[in-house]
Structure formats: C-alpha cells, structure tokens
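Coordinates from entry-v7.cif are shown below (mmCIF, C-alpha atoms).
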data_target
#
loop_
_atom_site.label_atom_id
_atom_site.label_comp_id
_atom_site.auth_asym_id
_atom_site.auth_seq_id
_atom_site.Cartn_x
_atom_site.Cartn_y
_atom_site.Cartn_z
CA MET A 1 34.72 45.37 -73.47
CA LEU A 2 34.16 48.81 -71.99
CA LEU A 3 36.21 50.08 -69.06
CA GLU A 4 34.90 53.14 -67.22
CA PHE A 5 36.79 55.29 -64.75
CA GLY A 6 35.70 58.75 -63.63
CA PRO A 7 34.13 60.47 -66.67
CA PHE A 8 36.21 58.36 -69.10
CA THR A 9 35.34 55.22 -71.06
CA ILE A 10 37.83 52.94 -72.81
CA ASP A 11 36.38 50.99 -75.72
CA THR A 12 38.86 48.10 -75.90
CA LEU A 13 37.40 46.70 -79.12
CA GLU A 14 37.68 49.91 -81.10
CA ARG A 15 40.73 51.09 -79.11
CA ARG A 16 39.20 54.47 -78.41
CA LEU A 17 39.02 56.67 -75.32
CA PHE A 18 35.97 58.82 -74.57
CA HIS A 19 35.32 61.63 -72.14
CA GLY A 20 31.58 61.51 -71.70
CA VAL A 21 30.53 61.06 -75.33
CA SER A 22 33.44 62.99 -76.82
CA HIS A 23 36.24 61.02 -78.43
CA VAL A 24 39.64 61.76 -76.89
CA PRO A 25 42.46 61.29 -79.43
CA LEU A 26 45.29 59.29 -77.88
CA ALA A 27 48.43 57.90 -79.49
CA SER A 28 48.97 54.15 -79.56
CA LYS A 29 51.53 53.77 -76.74
CA PRO A 30 49.78 56.08 -74.24
CA PHE A 31 46.56 54.20 -75.00
CA ASP A 32 48.29 50.86 -74.40
CA VAL A 33 49.69 52.07 -71.08
CA LEU A 34 46.31 53.41 -69.97
CA LEU A 35 44.62 50.13 -70.91
CA TYR A 36 47.25 48.14 -69.02
CA LEU A 37 46.90 50.30 -65.90
CA ALA A 38 43.10 50.09 -66.09
CA GLY A 39 43.35 46.32 -66.29
CA ASN A 40 45.41 46.37 -63.12
CA SER A 41 43.40 48.93 -61.20
CA GLY A 42 43.79 49.02 -57.46
CA ARG A 43 47.49 48.25 -57.41
CA VAL A 44 50.82 49.74 -58.40
CA VAL A 45 52.19 48.32 -61.66
CA GLU A 46 55.96 47.97 -61.72
CA LYS A 47 57.83 49.95 -64.37
CA ASN A 48 59.57 46.85 -65.69
CA ALA A 49 56.24 45.08 -66.08
CA ILE A 50 54.90 47.99 -68.15
CA LEU A 51 58.03 48.14 -70.32
CA GLN A 52 58.06 44.39 -70.94
CA THR A 53 54.35 44.35 -71.81
CA ILE A 54 53.95 47.52 -73.87
CA TRP A 55 57.35 47.41 -75.60
CA LYS A 56 57.65 43.63 -75.77
CA GLY A 57 60.64 42.60 -77.86
CA VAL A 58 61.78 46.21 -78.32
CA SER A 59 64.84 47.65 -76.62
CA VAL A 60 63.78 50.89 -74.90
CA THR A 61 64.80 52.79 -71.79
CA GLU A 62 62.79 53.99 -68.83
CA ALA A 63 62.78 57.44 -70.43
CA ASN A 64 60.34 56.12 -73.06
CA LEU A 65 57.91 55.15 -70.33
CA THR A 66 58.36 58.48 -68.54
CA GLN A 67 57.57 60.39 -71.73
CA THR A 68 54.54 58.20 -72.46
CA ILE A 69 53.18 58.71 -68.94
CA TYR A 70 53.70 62.47 -69.35
CA MET A 71 51.67 62.48 -72.60
CA LEU A 72 48.95 60.37 -71.04
CA ARG A 73 48.65 62.58 -67.96
CA ASN A 74 48.45 65.73 -70.07
CA THR A 75 45.70 64.26 -72.22
CA LEU A 76 43.60 63.20 -69.24
CA LYS A 77 44.25 66.45 -67.40
CA HIS A 78 43.02 68.44 -70.40
CA HIS A 79 39.57 66.91 -69.81
CA ASP A 80 39.56 66.38 -66.04
CA ALA A 81 41.91 67.89 -63.47
CA HIS A 82 41.80 64.81 -61.22
CA PRO A 83 45.27 63.12 -61.05
CA TYR A 84 44.32 59.74 -62.48
CA ILE A 85 47.86 58.48 -63.05
CA VAL A 86 49.87 58.50 -59.81
CA SER A 87 53.50 57.57 -59.29
CA ALA A 88 54.89 55.19 -56.71
CA PRO A 89 58.48 56.50 -56.39
CA GLY A 90 61.03 53.89 -57.33
CA ARG A 91 58.34 51.36 -58.25
CA GLY A 92 55.84 52.24 -60.94
CA TYR A 93 52.42 53.76 -61.62
CA GLN A 94 48.81 53.27 -60.64
CA LEU A 95 45.45 54.32 -62.09
CA ALA A 96 43.89 56.15 -59.14
CA ALA A 97 40.24 55.47 -59.91
CA GLU A 98 37.70 52.70 -59.61
CA VAL A 99 37.36 50.87 -62.93
CA ARG A 100 33.97 49.49 -63.95
CA MET A 101 33.84 46.77 -66.57
CA TYR A 102 31.06 46.10 -69.09
CA HIS A 103 31.11 43.20 -71.52
CA GLN A 104 30.07 43.69 -75.14
CA GLY A 105 28.58 41.42 -77.74
CA ASN A 106 30.60 39.87 -80.54
CA ASP A 107 29.29 42.08 -83.33
CA GLY A 108 30.74 45.43 -84.22
CA ALA A 109 27.42 47.22 -83.88
CA SER A 110 26.99 46.15 -80.28
CA SER A 111 30.29 47.77 -79.42
CA LYS A 112 29.05 51.19 -80.46
CA THR A 113 25.65 50.53 -78.92
CA ASP A 114 27.08 49.58 -75.53
CA ALA A 115 29.42 52.55 -75.62
CA HIS A 116 26.48 54.87 -76.20
CA LEU A 117 24.37 53.17 -73.57
CA PHE A 118 26.85 53.03 -70.72
CA ARG A 119 28.37 56.44 -71.37
CA HIS A 120 24.92 57.99 -71.38
CA ARG A 121 23.93 56.15 -68.23
CA ARG A 122 26.70 58.09 -66.50
CA ALA A 123 26.04 61.23 -68.49
CA THR A 124 26.90 62.17 -70.82
CA ARG A 125 22.18 61.15 -71.49
CA THR A 126 22.43 63.48 -72.29
CA GLY A 127 20.88 66.99 -71.25
CA PHE A 128 18.49 69.45 -70.87
CA LEU A 129 15.77 70.42 -71.43
CA VAL A 130 12.51 71.71 -72.43
CA PRO A 131 10.74 70.55 -74.85
CA ASN A 132 12.97 68.04 -76.74
CA GLY A 133 15.85 66.10 -75.21
CA LEU A 134 18.66 67.46 -77.34
CA ARG A 135 21.49 65.58 -75.78
CA SER A 136 24.65 64.23 -77.26
CA TYR A 137 23.19 60.78 -77.78
CA THR A 138 21.08 60.28 -80.87
CA SER A 139 17.75 58.60 -81.50
CA ARG A 140 19.57 56.12 -83.71
CA SER A 141 22.01 55.10 -81.00
CA LEU A 142 19.17 54.71 -78.49
CA ARG A 143 17.20 52.49 -80.87
CA MET A 144 20.34 50.42 -81.44
CA ALA A 145 20.73 50.11 -77.67
CA ILE A 146 17.10 49.02 -77.29
CA ARG A 147 17.52 46.33 -79.96
CA HIS A 148 20.75 45.09 -78.43
CA LEU A 149 19.28 45.05 -74.91
CA GLY A 150 16.24 43.18 -76.21
CA ASP A 151 18.61 40.49 -77.49
CA THR A 152 20.45 40.49 -74.15
CA ILE A 153 17.18 40.04 -72.24
CA GLN A 154 16.24 37.07 -74.43
CA GLN A 155 19.62 35.47 -73.82
CA LYS A 156 19.74 36.35 -70.11
CA PRO A 157 16.14 36.75 -68.91
CA GLY A 158 17.35 36.79 -65.32
CA SER A 159 19.38 40.01 -65.69
CA ALA A 160 17.70 42.79 -63.72
CA ALA A 161 20.36 45.26 -64.92
CA ALA A 162 19.49 44.61 -68.58
CA TYR A 163 15.83 45.35 -67.89
CA VAL A 164 16.75 48.60 -66.12
CA ASP A 165 18.96 49.66 -69.03
CA PHE A 166 16.15 48.76 -71.45
CA ALA A 167 13.71 50.95 -69.48
CA ASN A 168 16.16 53.84 -69.29
CA ALA A 169 16.86 53.69 -73.02
CA HIS A 170 13.13 54.03 -73.71
CA CYS A 171 12.89 56.96 -71.27
CA LEU A 172 15.75 58.66 -73.08
CA LEU A 173 14.12 58.02 -76.45
CA ILE A 174 11.10 59.97 -75.18
CA ASN A 175 13.53 62.72 -74.08
CA ALA A 176 15.02 62.71 -77.57
CA GLY A 177 11.57 63.55 -78.96
CA ASP A 178 11.62 60.55 -81.27
CA THR A 179 8.76 58.52 -79.86
CA ALA A 180 5.35 59.19 -78.34
CA SER A 181 5.20 58.80 -74.58
CA GLN A 182 2.18 56.50 -74.77
CA GLN A 183 4.04 54.26 -77.19
CA ALA A 184 7.04 53.85 -74.86
CA PHE A 185 5.29 53.73 -71.46
CA PRO A 186 4.21 50.05 -71.69
CA ALA A 187 7.75 48.90 -72.53
CA ILE A 188 9.20 50.96 -69.66
CA GLN A 189 6.60 49.67 -67.22
CA ASP A 190 7.10 46.03 -68.18
CA ALA A 191 10.90 46.31 -67.97
CA VAL A 192 10.81 47.99 -64.55
CA LEU A 193 8.40 45.39 -63.14
CA ARG A 194 10.55 42.55 -64.49
CA ALA A 195 13.69 44.08 -62.98
CA LEU A 196 12.03 44.36 -59.57
CA GLU A 197 10.61 40.83 -59.80
CA ILE A 198 14.14 39.55 -60.35
CA ASP A 199 15.75 41.75 -57.70
CA LEU A 200 13.58 43.88 -55.44
CA GLN A 201 16.73 45.46 -54.00
CA ASN A 202 17.91 46.77 -57.38
CA VAL A 203 17.58 50.46 -56.54
CA SER A 204 18.53 51.58 -60.05
CA ALA A 205 15.09 50.38 -61.21
CA TYR A 206 13.51 53.15 -59.15
CA ALA A 207 14.79 55.88 -61.51
CA PRO A 208 12.69 54.75 -64.52
CA LEU A 209 9.90 53.83 -62.08
CA GLY A 210 9.93 57.43 -60.82
CA PHE A 211 9.85 58.56 -64.45
CA LEU A 212 6.63 56.56 -64.93
CA ARG A 213 5.07 57.82 -61.71
CA CYS A 214 5.82 61.35 -62.87
CA HIS A 215 4.74 61.26 -66.50
CA LEU A 216 2.23 58.42 -66.72
CA ASP A 217 0.56 58.51 -63.28
CA ARG A 218 1.39 62.12 -62.40
CA ASP A 219 1.80 60.98 -58.83
CA TRP A 220 4.35 63.57 -57.74
CA ALA A 221 4.68 62.33 -54.15
CA GLN A 222 5.38 58.72 -55.14
CA ALA A 223 7.73 59.83 -57.92
CA GLU A 224 9.77 61.76 -55.36
CA LYS A 225 9.98 58.69 -53.13
CA ASP A 226 11.17 56.56 -56.03
CA PHE A 227 13.84 59.03 -57.12
CA GLN A 228 14.99 59.46 -53.53
CA ARG A 229 15.19 55.70 -53.00
CA CYS A 230 17.32 55.37 -56.12
CA MET A 231 19.69 58.14 -55.01
CA ASP A 232 19.93 56.84 -51.45
CA GLY A 233 20.78 53.33 -52.61
CA GLY A 234 22.93 54.26 -55.61
CA PRO A 235 24.23 57.82 -55.34
CA ASN A 236 25.89 57.68 -58.77
CA ASP A 237 22.67 57.33 -60.78
CA LEU A 238 22.69 60.58 -62.71
CA LEU A 239 19.31 59.97 -64.34
CA ALA A 240 17.60 59.93 -60.94
CA TYR A 241 19.10 63.35 -60.17
CA HIS A 242 18.14 64.68 -63.59
CA TRP A 243 14.52 63.52 -63.59
CA TYR A 244 13.97 64.42 -59.94
CA ALA A 245 15.30 67.94 -60.58
CA GLU A 246 12.99 68.27 -63.59
CA LEU A 247 10.00 67.36 -61.44
CA LEU A 248 10.96 69.79 -58.68
CA THR A 249 11.50 72.56 -61.22
CA SER A 250 8.12 71.99 -62.89
CA LEU A 251 6.48 72.19 -59.43
CA ARG A 252 8.31 75.50 -58.87
CA ARG A 253 10.35 74.15 -55.99
CA PHE A 254 13.37 75.92 -57.38
CA ASP A 255 15.52 76.02 -54.24
CA HIS A 256 15.11 72.29 -53.68
CA SER A 257 15.90 71.58 -57.34
CA LEU A 258 19.06 73.70 -57.27
CA GLN A 259 20.17 72.09 -54.02
CA LEU A 260 19.79 68.66 -55.61
CA LEU A 261 21.66 69.72 -58.76
CA ARG A 262 24.53 71.25 -56.77
CA ARG A 263 24.90 67.88 -55.10
CA ALA A 264 24.95 66.22 -58.52
CA GLU A 265 27.47 68.81 -59.70
CA ARG A 266 29.88 67.66 -57.01
CA LEU A 267 29.54 64.10 -58.30
CA TRP A 268 29.80 65.07 -62.00
CA PRO A 269 31.66 68.43 -62.12
CA HIS A 270 32.09 68.28 -65.90
CA SER A 271 28.63 67.05 -66.85
CA GLY A 272 26.98 69.12 -69.54
CA LEU A 273 23.67 67.58 -68.51
CA ILE A 274 23.88 68.85 -64.94
CA GLN A 275 25.12 72.30 -65.97
CA THR A 276 22.25 72.62 -68.43
CA ASP A 277 19.78 71.39 -65.82
CA ILE A 278 20.93 74.15 -63.47
CA ALA A 279 20.32 76.68 -66.25
CA GLN A 280 16.91 75.15 -66.88
CA VAL A 281 15.89 75.82 -63.27
CA LEU A 282 16.90 79.48 -63.68
CA PHE A 283 15.09 79.67 -67.02
CA TYR A 284 11.87 78.24 -65.62
CA ALA A 285 12.16 80.57 -62.61
CA ARG A 286 12.55 83.44 -65.13
CA GLU A 287 15.93 84.42 -63.74
CA TYR A 288 17.25 85.15 -67.22
CA ARG A 289 20.14 87.35 -66.05
CA ASP A 290 21.64 84.42 -64.14
CA CYS A 291 20.52 81.86 -66.69
CA GLU A 292 22.63 83.30 -69.53
CA PRO A 293 26.08 82.92 -67.87
CA GLN A 294 25.11 79.46 -66.64
CA LEU A 295 24.24 78.41 -70.19
CA LEU A 296 27.46 79.90 -71.54
CA LYS A 297 29.29 77.83 -68.95
CA ALA A 298 27.43 74.72 -70.10
CA VAL A 299 28.07 75.20 -73.82
CA ARG A 300 31.80 75.68 -73.21
CA LEU A 301 32.07 72.16 -71.78
CA ARG A 302 33.31 69.44 -74.07
CA THR A 303 30.31 67.42 -72.89
CA SER A 304 27.92 70.28 -73.69
CA LEU A 305 24.49 69.36 -74.96
CA PRO A 306 22.81 70.81 -78.07
CA PHE A 307 19.76 71.78 -76.03
CA ALA A 308 21.89 74.22 -74.04
CA ASN A 309 22.19 76.31 -77.22
CA VAL A 310 18.44 76.10 -77.84
CA LEU A 311 17.79 77.27 -74.30
CA LEU A 312 20.36 80.05 -74.75
CA GLY A 313 18.57 81.18 -77.92
CA CYS A 314 15.27 81.29 -76.01
CA THR A 315 16.98 83.29 -73.26
CA TYR A 316 18.29 85.83 -75.77
CA ARG A 317 14.80 86.24 -77.16
CA LEU A 318 13.27 86.78 -73.70
CA LYS A 319 16.00 89.35 -72.96
CA ASN A 320 14.92 91.29 -76.09
CA ARG A 321 17.93 90.21 -78.15
CA PRO A 322 16.10 88.43 -80.98
CA ARG A 323 18.82 88.85 -83.60
CA GLU A 324 21.32 86.97 -81.41
CA ALA A 325 18.65 84.34 -80.79
CA ILE A 326 18.05 83.89 -84.51
CA ARG A 327 21.75 83.51 -85.32
CA LEU A 328 22.22 80.87 -82.63
CA LEU A 329 19.04 78.93 -83.34
CA GLU A 330 19.75 78.90 -87.09
CA GLN A 331 23.13 77.31 -86.32
CA VAL A 332 21.49 74.61 -84.20
CA VAL A 333 18.92 73.88 -86.91
CA LEU A 334 21.64 73.68 -89.54
CA GLN A 335 23.68 71.24 -87.46
CA LYS A 336 20.93 69.13 -85.87
CA ASN A 337 17.64 69.78 -87.70
CA SER A 338 16.11 69.92 -84.22
CA ALA A 339 12.34 70.23 -83.94
CA THR A 340 12.73 72.17 -80.69
CA ALA A 341 15.16 74.61 -82.25
CA LEU A 342 12.80 75.03 -85.22
CA ALA A 343 9.88 75.75 -82.88
CA ALA A 344 11.91 78.34 -80.96
CA LEU A 345 13.13 79.85 -84.24
CA ALA A 346 9.56 80.21 -85.55
CA GLY A 347 8.56 82.25 -82.51
CA THR A 348 11.68 84.37 -82.75
CA TYR A 349 11.11 85.13 -86.45
CA ALA A 350 7.58 86.18 -85.54
CA ALA A 351 8.94 88.45 -82.81
CA VAL A 352 10.94 90.43 -85.39
CA GLY A 353 8.03 90.58 -87.82
CA ASP A 354 9.18 87.86 -90.24
CA GLN A 355 5.88 86.00 -90.39
CA ARG A 356 6.73 84.39 -93.72
CA ARG A 357 9.65 82.42 -92.34
CA ALA A 358 7.82 81.68 -89.11
CA SER A 359 4.83 80.27 -91.01
CA ARG A 360 7.09 78.18 -93.21
CA ILE A 361 8.62 76.55 -90.12
CA LEU A 362 5.24 75.95 -88.52
CA HIS A 363 3.96 74.27 -91.68
CA SER A 364 7.10 72.13 -91.80
CA LEU A 365 6.61 70.98 -88.22
CA GLN A 366 3.01 70.04 -88.94
CA ALA A 367 4.05 68.24 -92.13
CA PHE A 368 6.63 66.21 -90.17
CA GLU A 369 3.76 64.42 -88.40
CA SER A 370 3.20 62.24 -91.45
CA SER A 371 6.82 61.05 -91.69
CA ARG A 372 8.29 61.20 -88.17
CA TYR A 373 7.11 61.67 -84.64
CA ILE A 374 6.80 65.30 -83.54
CA SER A 375 5.58 66.11 -80.06
CA PRO A 376 2.33 68.12 -80.27
CA TYR A 377 3.75 70.19 -77.42
CA THR A 378 6.60 71.26 -79.72
CA ILE A 379 4.16 72.40 -82.41
CA ALA A 380 2.17 74.30 -79.76
CA PHE A 381 5.42 75.94 -78.62
CA ALA A 382 5.94 77.29 -82.16
CA ALA A 383 2.29 78.32 -82.58
CA VAL A 384 2.05 80.30 -79.34
CA GLY A 385 5.24 82.17 -80.22
CA MET A 386 3.54 83.26 -83.43
CA GLY A 387 0.43 84.45 -81.64
CA LYS A 388 -1.72 81.54 -82.88
CA SER A 389 -3.45 80.82 -79.57
CA ASP A 390 -6.22 78.55 -80.89
CA LEU A 391 -3.75 76.39 -82.79
CA ALA A 392 -1.45 76.22 -79.75
CA LEU A 393 -4.34 75.14 -77.52
CA HIS A 394 -5.39 72.51 -80.08
CA PHE A 395 -1.97 70.88 -79.99
CA LEU A 396 -1.62 71.20 -76.21
CA GLU A 397 -4.94 69.40 -75.81
CA GLN A 398 -3.65 66.70 -78.13
CA ALA A 399 -0.47 66.50 -76.04
CA GLU A 400 -2.56 66.10 -72.89
CA ARG A 401 -4.61 63.27 -74.40
CA GLU A 402 -1.36 61.51 -75.33
CA LYS A 403 0.17 62.04 -71.88
CA ASP A 404 3.00 63.89 -73.65
CA TYR A 405 6.19 63.94 -71.62
CA TRP A 406 6.61 67.68 -72.23
CA MET A 407 3.35 68.68 -70.59
CA LEU A 408 5.45 68.88 -67.42
CA TRP A 409 6.71 72.20 -68.84
CA LEU A 410 3.30 73.77 -69.33
CA ARG A 411 4.10 76.75 -67.11
CA LEU A 412 6.90 78.07 -69.31
CA ALA A 413 6.88 81.82 -69.89
CA ALA A 414 6.25 81.08 -73.58
CA PHE A 415 2.69 80.06 -72.72
CA ASP A 416 1.87 83.23 -70.77
CA PRO A 417 -0.41 84.51 -73.59
CA LEU A 418 -2.71 81.56 -72.86
CA ARG A 419 -3.00 82.02 -69.09
CA ARG A 420 -6.47 83.60 -69.16
CA GLU A 421 -7.90 81.02 -71.52
CA PRO A 422 -10.35 78.59 -69.80
CA ARG A 423 -9.02 75.79 -72.04
CA PHE A 424 -5.49 76.42 -70.80
CA ARG A 425 -6.61 76.46 -67.16
CA ARG A 426 -8.28 73.09 -67.71
CA LEU A 427 -5.02 71.79 -69.17
CA LEU A 428 -3.14 72.89 -66.06
CA GLN A 429 -5.70 71.15 -63.86
CA ASN A 430 -5.60 67.93 -65.88
CA ALA A 431 -1.80 67.94 -65.78
CA ARG A 432 -1.95 68.51 -62.00
CA LEU A 433 0.03 71.73 -62.38
CA SER A 434 -2.58 74.26 -61.22
#

Give the structure from this file in structure tokens form.
Amino acid sequence: MLLEFGPFTIDTLERRLFHGVSHVPLASKPFDVLLYLAGNSGRVVEKNAILQTIWKGVSVTEANLTQTIYMLRNTLKHHDAHPYIVSAPGRGYQLAAEVRMYHQGNDGASSKTDAHLFRHRRATRTGFLVPNGLRSYTSRSLRMAIRHLGDTIQQKPGSAAAYVDFANAHCLLINAGDTASQQAFPAIQDAVLRALEIDLQNVSAYAPLGFLRCHLDRDWAQAEKDFQRCMDGGPNDLLAYHWYAELLTSLRRFDHSLQLLRRAERLWPHSGLIQTDIAQVLFYAREYRDCEPQLLKAVRLRTSLPFANVLLGCTYRLKNRPREAIRLLEQVVLQKNSATALAALAGTYAAVGDQRRASRILHSLQAFESSRYISPYTIAFAAVGMGKSDLALHFLEQAEREKDYWMLWLRLAAFDPLRREPRFRRLLQNARLS
C-alpha cells in the first residue's frame, strides 16, 4: 500500500519514505510512528496508544516518544517546512495532512511500479523540457507501470482511474523520448475514451485528452478547454498545469503561461517540474538572464529534474559561455546518456570549433535509430547546431510526418538559422505555429 501526504509517499510494503521521487532515509521507530499517525489521519492519537503500539512489550518512558517525534519532525522539515506533526498538549500527536491511500498488487515489482506511477502523477513526472522529457522517472519504470496498469484494467475493466493512469503513463513515455508519438497516440486515445465512457465526470481524463488535442489534432483551442476543465474540476492535477503551460509557451503567450505556473508553484512549492517549467518559459522567451537563476534554483531542489541541467547548459551556450556548457552537458551525458544532452553537446562542441567530437555525436544519434527510438527532432537539434541545415530540415520534416511531440518547440532560438528557408516556413505552417 502507498500512503501519500503533501509531497511525501510512504511505501508500506518496502517500508520506505519518499519526498517526490527521492528516498528519505528514516530510522525504524520514527518510520513506525509516522506510519501509525498516517493510518490514523484526521484525529489526535493518544501518547499511550503510540507507546503501546510502537514499543509493544518493551518498557519505555514518554521521553522515548518525545525523542522519536523530534527526529521525525526534523527529517520531514528538512524536505518541507510545513509542520506535518502537530502536538495536542497533554494528549498526543496528529499528522496534519490529508492522507491518500493507493492499493498495490501482491508482487514485489508492482510495489515499485505503483510508487513510480503515483509519485509521478503528483510530480515528481517528472520535468521539463524541450526536446526530451528528462525527468526523474525512467522509461523502464513507465513501461513497468503500463504493464501493471494493463493487468489492472483486465482485472477491473470498470475502473476509469486505471484508464486515466494508463493514458498518462503513455504520455509520459513520449515525454521521456522513448517511444514515437504515433505509436503511443492510439493507446492514449483508447484509454481516455474508455475512462470517459465509464465516468463522464472524471475530470482527470481531460489532462491526457488535452495532450491528444494538442499533439495529435493540434487543436489549440480545444486543448485549452480540456486542460482548463481538468484544473477546474481537480485543481491538484499537476500534469494538466504542466502540459497547459507548455502549450501556452509554444504559442508565445508567456505571461499567461507564467501566471499559470505561479499558481501551480503555490500548490507544489518544492516541485522540480514546476520550477523547470518556469525556466522553460523564460528560455523560450529568450530571457536568458532571468532563466539562469531560475534554473539554478530548480537544480538545487531535491526533486530537481535532469532536464534542468540540459536547459542550463543550453543557456550557458546562448550566453556565450560554451566551456561551462560543455562541462555541464558532459556530466549529464555521463550520468544519464541522454539523447537531448548529446544533441545539445554536439552543437556546443561545434560552437567552439571541435567539429570532430560534434560529428561523432551526430553519427551516434543517427546510429541509435536502429537500436532504440530517437526523436528525429532531437537529431535535427544536433544538426542545426552544427550548421547542417539540410540535414536538420530532413529530420524536422520526418518529425512532422510522424506528428513528433517535440514539434511544439519548433520556434526555439536554436532553429533561427533556418527561419528564411521555405521548407522551414512550411513546417511552421503545418505545425500550426506560423
């Protein structure tokens, strides 16, 4: 079972506490007390009841409980300043947060899968983001979630929530750059339609529906309505905020996007996804001076997302600090082997005259196509940074034919060298971005 409160998740099966997707080390007794309080949320738990349950059969004093509560509070406070453990003088303690409960399967794998899925639904999934979705979740965990949810749907075909989670997991897999958009769209569409057939009032289904309207249909007006309906009916759906902000940013409605993200920031003050999304707006608006400190703020968070470092490397390059960009992007590549980081690194090597290394990366990205999915947009991103306009246009045209998710970011500064090209102008028109 998974118990969520605030930005924390308790995995009762593995006896682990998470803040976002980061494991929070916690000693056995503080963990036991937290679990007991979470299981009795909404009421004050008497001190004697805690002592008799947690230290059953052991002779201890109230001082042991006081010390344990002190350790627990300090641990939680280190990650979130909200006072989650409150005292009722002379009585006991209470967990001052709503606790949400999710049931897991009986196999060990499903425990990890559910933990990934539900933590990333709150956000973690996550964040961003141009071109690849380099969030804290992994392609492997998302595929595990999809398999597990497929089993859940077979066992409980009447669960609208399972269909919504299934659709969201596929959307996130596209974000992760590990599947072609056209390959995932049918599964997302079918899951959303099934969820709404079961429960038309399930507003959470409108987040992945808005995703489809945006990237498959390119119906911006309807996508906005879907995202707004999701947020109005379920204000804690982080994915709706994230995808809506992406759409607004790509349409250059920067003020509206920032307004939306500031609202999300109040709901998730420690979300690396939201902090990186704010930086992405500034990056796309070419406000690099403000973008850099925002990205530094994002990467300092314990829930920071790998893409924040990629975006920071791109910012350094655009601020004529290529050596800093290279150092940072090389670190990301070493740690994550990210296609997006490789593409950005290729362009940065080219900017300092190291065409040999840049070409080696470009050839590697093209070679990856035979063994793993690589977004053609990502290859175009590397090619344009190296001054290979024809090759970049070739892969962008391929991305357009495939309805590539990342075509939403066609107006990045990186593609400025292509602006006068008739082929590029046609791409903008076809993507409804002109």

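The spacing separating CA of Val203 (chain A) from CA of His170 (chain A) amounts to 18.1 Å.
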
Long-range neighbours of region 161-167 of chain A as an MDAnalysis selection string, 12 Å cut-off, only C-alpha atoms, 6 positions minimum in chain: chainID A and resid 102 113:114 116:122 142:155 173:174 184:212 237 239

Mind giving me the straight-line distance from CA of Thr68 (chain A) to CA of Ala27 (chain A) in Å, one decimal?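 Those two atoms sit 9.3 Å apart.
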
Spell out the residues picked by the PyMOL selection byres ((chain A and resi 352-354) around 12) here, as a list in words.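 Taken over the shown coordinates, the PyMOL selection byres ((chain A and resi 352-354) around 12) returns Arg317, Asn320, Arg321, Pro322, Arg323, Glu324, Ala325, Ile326, Leu345, Ala346, Gly347, Thr348, Tyr349, Ala350, Ala351, Gln355, Arg356, Arg357, Ala358, Ser359, Arg360, Ile361, Gly385, Met386 and Gly387 of chain A.
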
Who sits within 8 Å of Leu410 (chain A), all atoms listed in the file, same chain under 3 positions skipped, as a list in words: Trp406, Met407, Phe415, Leu428 and Leu433 of chain A
